[in-house]
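Data file: my_file_2.cif. Format and content: mmCIF, C-alpha atoms.
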data_target
loop_
_atom_site.label_atom_id
_atom_site.label_comp_id
_atom_site.auth_asym_id
_atom_site.auth_seq_id
_atom_site.Cartn_x
_atom_site.Cartn_y
_atom_site.Cartn_z
CA MET H 900 -22.60 -24.39 -41.33
CA THR H 901 -21.21 -21.41 -43.20
CA ASP H 902 -17.70 -21.87 -44.57
CA PRO H 903 -15.35 -20.01 -42.18
CA THR H 904 -13.04 -19.19 -45.07
CA SER H 905 -15.67 -17.06 -46.79
CA SER H 906 -15.12 -13.31 -47.03
CA GLY H 907 -15.17 -11.48 -43.70
CA ALA H 908 -16.29 -8.17 -45.18
CA PRO H 909 -19.86 -7.27 -46.15
CA ARG H 910 -20.33 -7.31 -49.90
CA ASP H 911 -22.73 -4.37 -49.79
CA GLU H 912 -20.79 -1.41 -48.40
CA ASP H 913 -24.05 0.56 -48.08
CA VAL H 914 -25.26 -1.66 -45.24
CA VAL H 915 -24.42 0.06 -41.95
CA ALA H 916 -23.40 -2.28 -39.14
CA VAL H 917 -23.97 -1.04 -35.59
CA ALA H 918 -22.06 -3.36 -33.26
CA ILE H 919 -23.27 -3.68 -29.66
CA ASP H 920 -21.34 -5.71 -27.10
CA GLY H 921 -22.16 -6.36 -23.48
CA PRO H 922 -22.76 -8.94 -20.76
CA ALA H 923 -25.99 -10.85 -20.14
CA GLY H 924 -28.71 -8.74 -18.58
CA SER H 925 -27.28 -5.47 -19.87
CA GLY H 926 -30.31 -4.92 -22.09
CA LYS H 927 -28.59 -5.66 -25.41
CA SER H 928 -31.46 -7.58 -26.96
CA SER H 929 -34.39 -5.39 -25.98
CA VAL H 930 -32.52 -2.16 -26.68
CA SER H 931 -31.17 -3.43 -30.00
CA LYS H 932 -34.62 -4.51 -31.17
CA GLU H 933 -36.06 -1.10 -30.37
CA LEU H 934 -33.17 0.64 -32.11
CA ALA H 935 -33.77 -1.48 -35.21
CA ARG H 936 -37.46 -0.55 -35.20
CA ARG H 937 -36.79 3.17 -34.87
CA LEU H 938 -34.07 3.23 -37.50
CA GLY H 939 -35.69 0.82 -39.96
CA TYR H 940 -32.67 -1.47 -39.55
CA GLY H 941 -32.40 -5.22 -39.25
CA TYR H 942 -31.72 -6.84 -35.88
CA LEU H 943 -29.21 -9.67 -35.49
CA ASP H 944 -29.07 -11.59 -32.22
CA THR H 945 -25.71 -13.34 -32.53
CA GLY H 946 -26.13 -15.19 -29.25
CA ALA H 947 -29.05 -17.07 -30.76
CA ALA H 948 -26.68 -18.90 -33.11
CA TYR H 949 -24.61 -20.27 -30.23
CA ARG H 950 -27.76 -21.14 -28.31
CA ALA H 951 -29.18 -22.90 -31.35
CA LEU H 952 -25.96 -24.84 -31.86
CA ALA H 953 -25.93 -25.82 -28.18
CA TRP H 954 -29.53 -27.03 -28.58
CA HIS H 955 -28.52 -28.92 -31.73
CA VAL H 956 -25.59 -30.62 -29.96
CA LEU H 957 -27.81 -31.60 -27.03
CA GLU H 958 -30.40 -33.00 -29.45
CA HIS H 959 -27.62 -35.18 -30.86
CA GLY H 960 -27.09 -36.50 -27.35
CA ALA H 961 -23.54 -35.14 -27.41
CA ASP H 962 -21.53 -33.43 -24.68
CA THR H 963 -21.22 -29.67 -25.33
CA SER H 964 -17.95 -29.62 -23.38
CA ASP H 965 -16.41 -32.02 -25.91
CA ALA H 966 -14.97 -29.89 -28.74
CA SER H 967 -14.86 -32.81 -31.18
CA ALA H 968 -18.52 -33.61 -30.53
CA VAL H 969 -19.46 -29.96 -31.05
CA ILE H 970 -17.56 -29.82 -34.35
CA ASP H 971 -19.20 -33.05 -35.52
CA ALA H 972 -22.68 -31.75 -34.69
CA ALA H 973 -21.92 -28.43 -36.40
CA GLY H 974 -21.46 -30.34 -39.65
CA ASP H 975 -25.22 -30.59 -40.18
CA PHE H 976 -26.22 -27.39 -38.38
CA ASP H 977 -28.86 -25.97 -40.73
CA TYR H 978 -29.45 -22.59 -39.11
CA ALA H 979 -31.69 -19.67 -40.07
CA ILE H 980 -32.70 -16.49 -38.25
CA SER H 981 -34.96 -13.54 -38.98
CA LEU H 982 -33.48 -10.03 -39.02
CA ASP H 983 -36.94 -8.47 -38.64
CA PRO H 984 -37.26 -7.05 -35.10
CA ASP H 985 -41.05 -7.41 -35.31
CA ASP H 986 -41.04 -10.98 -36.63
CA TYR H 987 -38.21 -12.66 -34.76
CA TRP H 988 -37.68 -16.39 -35.23
CA VAL H 989 -34.90 -18.97 -35.17
CA THR H 990 -34.93 -22.36 -36.88
CA VAL H 991 -32.63 -25.37 -37.05
CA GLY H 992 -33.31 -27.80 -39.87
CA GLY H 993 -36.55 -25.96 -40.56
CA VAL H 994 -37.77 -26.55 -36.99
CA SER H 995 -38.61 -23.52 -34.85
CA VAL H 996 -36.34 -23.31 -31.80
CA THR H 997 -37.11 -19.68 -30.92
CA ASP H 998 -38.36 -20.61 -27.45
CA ALA H 999 -36.39 -23.83 -26.95
CA ILE H 1000 -33.00 -22.08 -27.08
CA ARG H 1001 -33.95 -20.03 -24.00
CA ASP H 1002 -34.32 -23.14 -21.88
CA PRO H 1003 -31.99 -23.19 -18.83
CA ARG H 1004 -30.36 -26.44 -19.98
CA VAL H 1005 -29.39 -24.73 -23.25
CA SER H 1006 -28.18 -21.60 -21.46
CA GLY H 1007 -25.90 -23.77 -19.37
CA ALA H 1008 -24.40 -25.38 -22.48
CA VAL H 1009 -23.77 -22.26 -24.59
CA SER H 1010 -20.28 -21.48 -23.31
CA GLY H 1011 -19.14 -24.99 -24.21
CA VAL H 1012 -19.90 -24.57 -27.90
CA ALA H 1013 -18.84 -20.92 -28.01
CA ARG H 1014 -15.30 -21.67 -26.87
CA VAL H 1015 -14.49 -23.89 -29.88
CA PRO H 1016 -12.31 -21.70 -32.19
CA VAL H 1017 -13.36 -23.26 -35.51
CA VAL H 1018 -17.02 -22.87 -34.53
CA ARG H 1019 -16.54 -19.20 -33.68
CA GLU H 1020 -14.78 -18.57 -37.00
CA SER H 1021 -17.57 -20.22 -38.96
CA VAL H 1022 -20.37 -18.52 -37.03
CA ASN H 1023 -18.68 -15.12 -37.32
CA ALA H 1024 -18.45 -15.53 -41.09
CA MET H 1025 -22.15 -16.37 -41.11
CA PHE H 1026 -22.95 -13.18 -39.18
CA ARG H 1027 -21.04 -11.05 -41.68
CA ALA H 1028 -22.85 -12.73 -44.57
CA LEU H 1029 -26.24 -12.11 -42.94
CA VAL H 1030 -25.47 -8.39 -42.64
CA ALA H 1031 -24.09 -8.24 -46.18
CA ASP H 1032 -27.23 -9.88 -47.56
CA SER H 1033 -29.66 -7.69 -45.62
CA ASP H 1034 -32.09 -5.64 -47.68
CA ARG H 1035 -32.21 -2.95 -44.98
CA PRO H 1036 -30.01 0.16 -44.77
CA GLY H 1037 -28.34 -1.14 -41.65
CA VAL H 1038 -28.29 -3.93 -39.06
CA ILE H 1039 -28.01 -3.68 -35.29
CA VAL H 1040 -25.70 -6.57 -34.38
CA GLU H 1041 -25.61 -7.51 -30.71
CA GLY H 1042 -23.76 -10.13 -28.71
CA ARG H 1043 -20.29 -10.84 -27.34
CA ASP H 1044 -17.04 -9.70 -29.05
CA ILE H 1045 -19.07 -8.03 -31.82
CA THR H 1046 -17.11 -4.78 -31.58
CA THR H 1047 -13.70 -6.43 -31.51
CA VAL H 1048 -13.85 -9.61 -33.61
CA VAL H 1049 -17.02 -9.85 -35.68
CA PHE H 1050 -17.31 -6.22 -36.80
CA PRO H 1051 -14.19 -4.39 -35.59
CA ASP H 1052 -14.57 -1.88 -38.44
CA ALA H 1053 -18.27 -1.15 -37.88
CA LEU H 1054 -19.22 2.49 -38.27
CA VAL H 1055 -20.64 2.48 -34.73
CA ARG H 1056 -19.37 0.27 -31.90
CA ILE H 1057 -20.92 0.32 -28.45
CA LEU H 1058 -20.36 -1.52 -25.16
CA LEU H 1059 -23.68 -1.60 -23.29
CA THR H 1060 -23.20 -2.51 -19.66
CA ALA H 1061 -24.69 -2.22 -16.17
CA ALA H 1062 -23.81 -3.14 -12.60
CA PRO H 1063 -23.98 -6.91 -11.89
CA GLU H 1064 -26.85 -6.61 -9.40
CA VAL H 1065 -28.88 -4.56 -11.88
CA ARG H 1066 -28.25 -7.06 -14.66
CA ALA H 1067 -29.31 -9.91 -12.38
CA ALA H 1068 -32.53 -8.11 -11.42
CA ARG H 1069 -33.37 -7.46 -15.07
CA ARG H 1070 -32.71 -11.04 -16.08
CA SER H 1071 -34.79 -12.30 -13.15
CA ALA H 1072 -37.74 -10.25 -14.40
CA GLU H 1073 -37.40 -11.93 -17.82
CA VAL H 1074 -37.06 -15.53 -16.64
CA THR H 1075 -39.94 -17.61 -15.34
CA GLY H 1076 -39.62 -20.75 -13.25
CA GLN H 1077 -36.50 -19.61 -11.40
CA ASP H 1078 -36.18 -17.44 -8.30
CA SER H 1079 -33.94 -14.36 -8.24
CA ALA H 1080 -31.12 -16.13 -6.39
CA GLU H 1081 -31.00 -18.88 -9.02
CA VAL H 1082 -31.00 -16.34 -11.83
CA ALA H 1083 -28.22 -14.30 -10.21
CA ALA H 1084 -26.12 -17.45 -9.69
CA ALA H 1085 -26.68 -18.54 -13.31
CA LEU H 1086 -25.74 -15.06 -14.56
CA HIS H 1087 -22.55 -15.06 -12.52
CA LYS H 1088 -21.66 -18.55 -13.78
CA ARG H 1089 -22.33 -17.51 -17.39
CA ASP H 1090 -20.17 -14.38 -17.02
CA ALA H 1091 -17.33 -16.43 -15.53
CA ALA H 1092 -17.50 -19.04 -18.29
CA ASP H 1093 -17.81 -16.55 -21.14
CA SER H 1094 -15.01 -14.37 -19.81
CA LYS H 1095 -12.65 -17.26 -20.61
CA VAL H 1096 -13.65 -16.91 -24.27
CA VAL H 1097 -14.09 -13.15 -24.82
CA ASP H 1098 -13.56 -9.92 -22.89
CA PHE H 1099 -17.04 -8.43 -22.88
CA LEU H 1100 -16.63 -6.02 -19.96
CA THR H 1101 -13.81 -3.83 -21.29
CA ALA H 1102 -14.29 -1.40 -24.15
CA ALA H 1103 -11.71 -1.67 -26.92
CA PRO H 1104 -10.23 1.52 -28.38
CA GLY H 1105 -12.88 3.39 -30.37
CA VAL H 1106 -15.78 1.67 -28.62
CA THR H 1107 -18.27 3.92 -26.81
CA VAL H 1108 -19.48 2.77 -23.38
CA VAL H 1109 -23.14 3.22 -22.44
CA ASP H 1110 -23.73 2.31 -18.77
CA SER H 1111 -27.43 1.71 -18.17
CA THR H 1112 -27.18 1.08 -14.42
CA GLU H 1113 -29.04 4.31 -13.61
CA LEU H 1114 -31.11 4.41 -16.81
CA ASN H 1115 -34.52 3.00 -17.59
CA PHE H 1116 -35.28 1.37 -20.92
CA ASP H 1117 -36.32 4.51 -22.81
CA GLN H 1118 -33.34 6.46 -21.45
CA THR H 1119 -30.98 3.68 -22.52
CA VAL H 1120 -32.43 3.62 -26.04
CA ALA H 1121 -32.09 7.41 -26.25
CA ALA H 1122 -28.47 7.27 -25.06
CA VAL H 1123 -27.53 4.65 -27.65
CA LEU H 1124 -29.39 6.53 -30.39
CA ASP H 1125 -27.27 9.58 -29.58
CA VAL H 1126 -24.13 7.52 -30.09
CA ILE H 1127 -25.46 6.23 -33.42
CA ARG H 1128 -26.33 9.76 -34.56
CA VAL H 1129 -22.78 10.92 -33.88
CA GLY H 1130 -21.22 7.82 -35.43
CA THR H 1131 -23.28 7.90 -38.61
CA GLY H 1132 -23.49 11.68 -38.90
CA THR H 1133 -27.27 11.53 -39.20
CA SER H 1134 -30.32 12.76 -37.31
CA ALA H 1135 -31.60 9.19 -36.82
#

Represent the structure of the file as structure tokens.
Amino acid sequence: MTDPTSSGAPRDEDVVAVAIDGPAGSGKSSVSKELARRLGYGYLDTGAAYRALAWHVLEHGADTSDASAVIDAAGDFDYAISLDPDDYWVTVGGVSVTDAIRDPRVSGAVSGVARVPVVRESVNAMFRALVADSDRPGVIVEGRDITTVVFPDALVRILLTAAPEVRAARRSAEVTGQDSAEVAAALHKRDAADSKVVDFLTAAPGVTVVDSTELNFDQTVAAVLDVIRVGTGTSA
């Protein structure tokens, strides 16, 4: 895994980082991908790293609630991710886990690995390096605590949110093999667990809130694009 002591600042100051925070089901991933396409930016799904590590720990037969076991497994966590919104993939040790990390058993284990401080430090350093090494003019970075910890100095910082029942309905439409009640319960459990690690429902100073409760997908993308235009001073 990336050395957590490596530089926390992008080496290429010309790469624009757009930081998007928000809870599960708020539309972060789909909106961020579309923004990246329209702007010609890269797209970084930070949650995929924690999901991939959770998958990796489970593959080791270890308990994701055991911090020592998580740290041990992270020692040989050979992770790679595409920043191309039209060719998205995730690998661990050269093996594709793009679909596997969306499995319910992995979703239930993510919070366990994400709450280990040394893991978060190392993964955050990796995110900054990925943005710094991007060959695109900017990267849309989405996940949890992106606006406050990972890229607190990003040119544009946005909290994308929606009412809990709306988020549950959206997630239910994405997930197969589970009924809406199960999805809503899982979403609530994930929010409760993750809230012990990061505050992803309150906008920090300087962070713009975009509430998509009453917005459809295209309207949400347009609203976020407006924020980016103002933040970057462009007509993107």

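When the PyMOL selection byres ((chain H and resi 1030) around 9) is evaluated against the file, it yields Pro909, Arg910, Asp911, Val914, Val915, Ala916, Gly941, Leu943, Leu982, Met1025, Phe1026, Arg1027, Ala1028, Leu1029, Ala1031, Asp1032, Ser1033, Asp1034, Arg1035, Gly1037, Val1038 and Val1040 of chain H.
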
Practice problem: Using all atoms listed in the file, collect all residues at a distance of at most 9 Å from (-26.1, -7.6, -20.3) as written in the file, then present them as a PyMOL selection string. | Solution: chain H and resi 920-928+1059-1061+1063+1066-1067+1069-1070

Selection to disk with C-alpha atoms, as a compact mmCIF listing (two decimals), in the frame of the given file:
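File written: again.txt
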# COMPACT_ATOMS: atom_id res chain seq x y z
CA ASP H 920 -21.34 -5.71 -27.10
CA GLY H 921 -22.16 -6.36 -23.48
CA PRO H 922 -22.76 -8.94 -20.76
CA ALA H 923 -25.99 -10.85 -20.14
CA GLY H 924 -28.71 -8.74 -18.58
CA SER H 925 -27.28 -5.47 -19.87
CA GLY H 926 -30.31 -4.92 -22.09
CA LYS H 927 -28.59 -5.66 -25.41
CA SER H 928 -31.46 -7.58 -26.96
CA LEU H 1059 -23.68 -1.60 -23.29
CA THR H 1060 -23.20 -2.51 -19.66
CA ALA H 1061 -24.69 -2.22 -16.17
CA PRO H 1063 -23.98 -6.91 -11.89
CA ARG H 1066 -28.25 -7.06 -14.66
CA ALA H 1067 -29.31 -9.91 -12.38
CA ARG H 1069 -33.37 -7.46 -15.07
CA ARG H 1070 -32.71 -11.04 -16.08

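Across the structure, CA of Ala968 (chain H) and CA of Ser1006 (chain H) are spaced 17.9 Å apart.
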
Quiz item: Smallest atom-to-atom distance to Ser981 (chain H): which of H:Lys932, H:Thr1131, H:Val1049, H:Asp1044, using only C-alpha atoms?
Solution: H:Lys932

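Our summary of the geometry notes that CA of Arg937 (chain H) is positioned 22.7 Å from CA of Thr1112 (chain H).
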
Self-check item: Expansion of the PyMOL selection byres ((chain H and resi 1022) around 10) into residues, as a list in words
Solution: Met900, Thr901, Asp902, Pro903, Thr945, Ala948, Tyr949, Leu952, Ala1013, Pro1016, Val1017, Val1018, Arg1019, Glu1020, Ser1021, Asn1023, Ala1024, Met1025, Phe1026, Arg1027, Ala1028 and Val1049 of chain H

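Remark: for Thr990 (chain H), the closest of the candidate residues H:Ile1057, H:Asp962, H:Val1109, H:Asp977 is H:Asp977 (distances computed over only C-alpha atoms).
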
Quiz item: Pick the closest to Phe1050 (chain H) from H:Pro1003, H:Asp913, H:Asp1125, H:Ile919: which is it, counting all atoms listed in the file?
Solution: H:Ile919

Quiz item: So how far away is CA of Leu1124 (chain H) from CA of Val1065 (chain H), in Å?
Solution: 21.6 Å

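Between Gly1042 (chain H) and the candidates H:Gly960, H:Gly946, H:Gly1130, H:Gly992, the tightest atom-to-atom separation, counting only C-alpha atoms, involves H:Gly946.
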